[in-house]
Each structure stands twice: as structure tokens, then as C-alpha cells.
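*Asks:* File follows, data.csv with CSV, C-alpha atoms:
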chain,number,residue,atom,x,y,z
A,1,GLU,CA,-58.5,41.2,55.8
A,2,ARG,CA,-55.7,42.4,53.5
A,3,GLY,CA,-53.0,40.8,55.5
A,4,GLU,CA,-49.8,42.2,56.9
A,5,VAL,CA,-46.2,41.2,57.6
A,6,HIS,CA,-43.8,42.4,60.3
A,7,TRP,CA,-40.0,42.2,59.7
A,8,ASN,CA,-37.4,42.6,62.4
A,9,TRP,CA,-34.8,45.2,61.5
A,10,LYS,CA,-32.2,42.6,62.2
A,11,GLN,CA,-33.4,40.7,59.1
A,12,PHE,CA,-32.3,43.5,56.8
A,13,SER,CA,-28.6,43.1,56.0
A,14,ASN,CA,-28.0,46.3,53.9
A,15,PHE,CA,-29.7,49.1,52.1
A,16,PHE,CA,-29.2,50.9,48.9
A,17,GLU,CA,-30.8,54.2,47.6
A,18,SER,CA,-31.7,54.6,43.9
A,19,PRO,CA,-33.3,57.7,42.4
A,20,HIS,CA,-36.8,56.4,42.9
A,21,PHE,CA,-36.6,53.8,45.7
A,22,PHE,CA,-35.0,52.8,49.0
A,23,HIS,CA,-33.9,49.1,48.6
A,24,LEU,CA,-33.9,47.2,51.9
A,25,TYR,CA,-31.9,43.9,51.5
A,26,PHE,CA,-32.5,40.7,53.3
A,27,ASP,CA,-29.7,39.0,51.4
A,28,SER,CA,-28.0,39.4,48.0
A,29,LYS,CA,-31.1,38.3,46.0
A,30,SER,CA,-34.0,39.4,48.3
A,31,PHE,CA,-35.0,42.9,48.9
A,32,PHE,CA,-37.9,45.2,49.7
A,33,LEU,CA,-38.6,48.4,47.8
A,34,LEU,CA,-39.8,51.6,49.5
A,35,PRO,CA,-40.9,54.0,46.8
A,36,LYS,CA,-39.9,57.7,47.2
A,37,GLN,CA,-42.9,58.9,45.2
A,38,GLY,CA,-45.2,60.8,47.5
A,39,MET,CA,-42.6,60.8,50.3
A,40,GLU,CA,-41.7,64.2,51.5
A,41,PRO,CA,-38.0,65.2,51.2
A,42,GLU,CA,-37.8,65.6,55.0
A,43,LEU,CA,-39.0,62.0,55.5
A,44,GLN,CA,-36.5,60.7,53.0
A,45,HIS,CA,-33.7,62.5,54.9
A,46,GLU,CA,-34.9,61.1,58.2
A,47,LEU,CA,-35.2,57.6,56.7
A,48,ARG,CA,-31.6,57.8,55.3
A,49,GLY,CA,-30.4,58.7,58.8
A,50,PHE,CA,-32.3,55.9,60.4
A,51,LEU,CA,-31.1,53.3,57.9
A,52,ARG,CA,-27.4,54.4,58.4
A,53,ILE,CA,-27.8,54.0,62.2
A,54,LYS,CA,-29.4,50.5,61.7
A,55,ASN,CA,-26.8,49.4,59.2
Could you show the structure in this file as C-alpha cells?
*Replies:*
Amino acid sequence: ERGEVHWNWKQFSNFFESPHFFHLYFDSKSFFLLPKQGMEPELQHELRGFLRIKN
């Protein structure tokens, strides 16, 4: 009804963390934002580790 999209982790080329978001890059001009607001600090820490492994 609302739709959904699935991305393969291999499609993400890089990631960057800013104070309020995790930026997941497809290429130099296309990225996906994951907001930190409402995300527990423990989850943020786990996500950082996961992104480093995948990168």
C-alpha cells in the first residue's frame, strides 16, 4: 500500500556520519539519510560498527 524498496548493501559505496544523520552513499551525488533522532545511542554504536565492516 505505501510501497517499499530494498537496496543491496553492495550498492552503497561509502558512508558519512554527521551530528544528526548517517549518510549512506550510492555515489558522489546520491545518498540515503538515516536520522539519529529517536535512535538509542547503543543502536547508533552498533550501526557504526556494521557500516565500518561493510565499507
*Asks:* With all atoms listed in the file as the basis for distance, which of A:His20, A:Phe26, A:Phe31, A:Trp7 is at the shortest distance from A:Gln44?
*Replies:*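 Counting all atoms listed in the file, the residue closest to A:Gln44 is A:His20.
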*Asks:* Do you have the atom CA of A:His23-atom CA of A:Glu1 distance handy?
*Replies:*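 Taking atom CA of A:His23 and atom CA of A:Glu1, their separation equals 26.8 Å.
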*Asks:* At most 10 Å from (-26.2, 37.2, 55.6), file frame, only C-alpha atoms: which residues, as a ChimeraX atom specification?
*Replies:* /A:11-14,25-28
*Asks:* Excluding A:Glu17 and any residue of its chain fewer than 3 positions from it, enumerate the residues within 12 Å of it, using only C-alpha atoms, and give them as a ChimeraX atom specification.
*Replies:* /A:14,20-25,32-36,44-45,47-48,51-52
*Asks:* For atom CA of A:His6 and atom CA of A:Phe50, determine how far apart the two atoms are, in Å to one decimal place.
*Replies:*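 It comes out at 17.7 Å.
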*Asks:* For the atom pair atom CA of A:Lys10 and atom CA of A:Lys54, what is the interatomic distance in Å to one decimal place?
*Replies:*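 Taking atom CA of A:Lys10 as the start and atom CA of A:Lys54 as the end point, the length is 8.4 Å.
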*Asks:* Add whatever atoms are absent from stretch 14-30 of chain A to reach N, CA and C atoms, and provide the output as a tab-separated table (two decimals), in the coordinates of the input.
*Replies:*
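Output contents, as saved in rebuild-v5.tsv:
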chain	number	residue	atom	x	y	z
A	14	ASN	N	-28.64	45.09	54.55
A	14	ASN	CA	-28.00	46.30	53.90
A	14	ASN	C	-29.15	47.10	53.30
A	15	PHE	N	-28.79	48.32	52.88
A	15	PHE	CA	-29.70	49.10	52.10
A	15	PHE	C	-29.02	49.85	51.02
A	16	PHE	N	-29.77	50.21	50.01
A	16	PHE	CA	-29.20	50.90	48.90
A	16	PHE	C	-30.30	51.95	48.46
A	17	GLU	N	-29.86	53.13	48.06
A	17	GLU	CA	-30.80	54.20	47.60
A	17	GLU	C	-30.62	54.40	46.12
A	18	SER	N	-31.68	54.29	45.36
A	18	SER	CA	-31.70	54.60	43.90
A	18	SER	C	-32.49	55.89	43.75
A	19	PRO	N	-32.54	56.44	42.55
A	19	PRO	CA	-33.30	57.70	42.40
A	19	PRO	C	-34.77	57.62	42.75
A	20	HIS	N	-35.39	56.45	42.65
A	20	HIS	CA	-36.80	56.40	42.90
A	20	HIS	C	-37.22	55.49	44.08
A	21	PHE	N	-36.25	54.76	44.67
A	21	PHE	CA	-36.60	53.80	45.70
A	21	PHE	C	-35.49	53.74	46.79
A	22	PHE	N	-35.90	53.26	47.97
A	22	PHE	CA	-35.00	52.80	49.00
A	22	PHE	C	-35.08	51.23	48.88
A	23	HIS	N	-33.96	50.54	48.72
A	23	HIS	CA	-33.90	49.10	48.60
A	23	HIS	C	-33.43	48.55	49.95
A	24	LEU	N	-34.23	47.77	50.63
A	24	LEU	CA	-33.90	47.20	51.90
A	24	LEU	C	-33.58	45.70	51.66
A	25	TYR	N	-32.33	45.29	51.82
A	25	TYR	CA	-31.90	43.90	51.50
A	25	TYR	C	-31.99	42.97	52.66
A	26	PHE	N	-32.56	41.81	52.38
A	26	PHE	CA	-32.50	40.70	53.30
A	26	PHE	C	-31.24	39.89	53.09
A	27	ASP	N	-30.93	39.67	51.79
A	27	ASP	CA	-29.70	39.00	51.40
A	27	ASP	C	-29.40	39.50	49.95
A	28	SER	N	-28.45	38.89	49.27
A	28	SER	CA	-28.00	39.40	48.00
A	28	SER	C	-29.08	39.30	46.87
A	29	LYS	N	-30.11	38.46	47.07
A	29	LYS	CA	-31.10	38.30	46.00
A	29	LYS	C	-32.54	38.67	46.48
A	30	SER	N	-32.70	39.03	47.74
A	30	SER	CA	-34.00	39.40	48.30
A	30	SER	C	-34.02	40.75	48.88
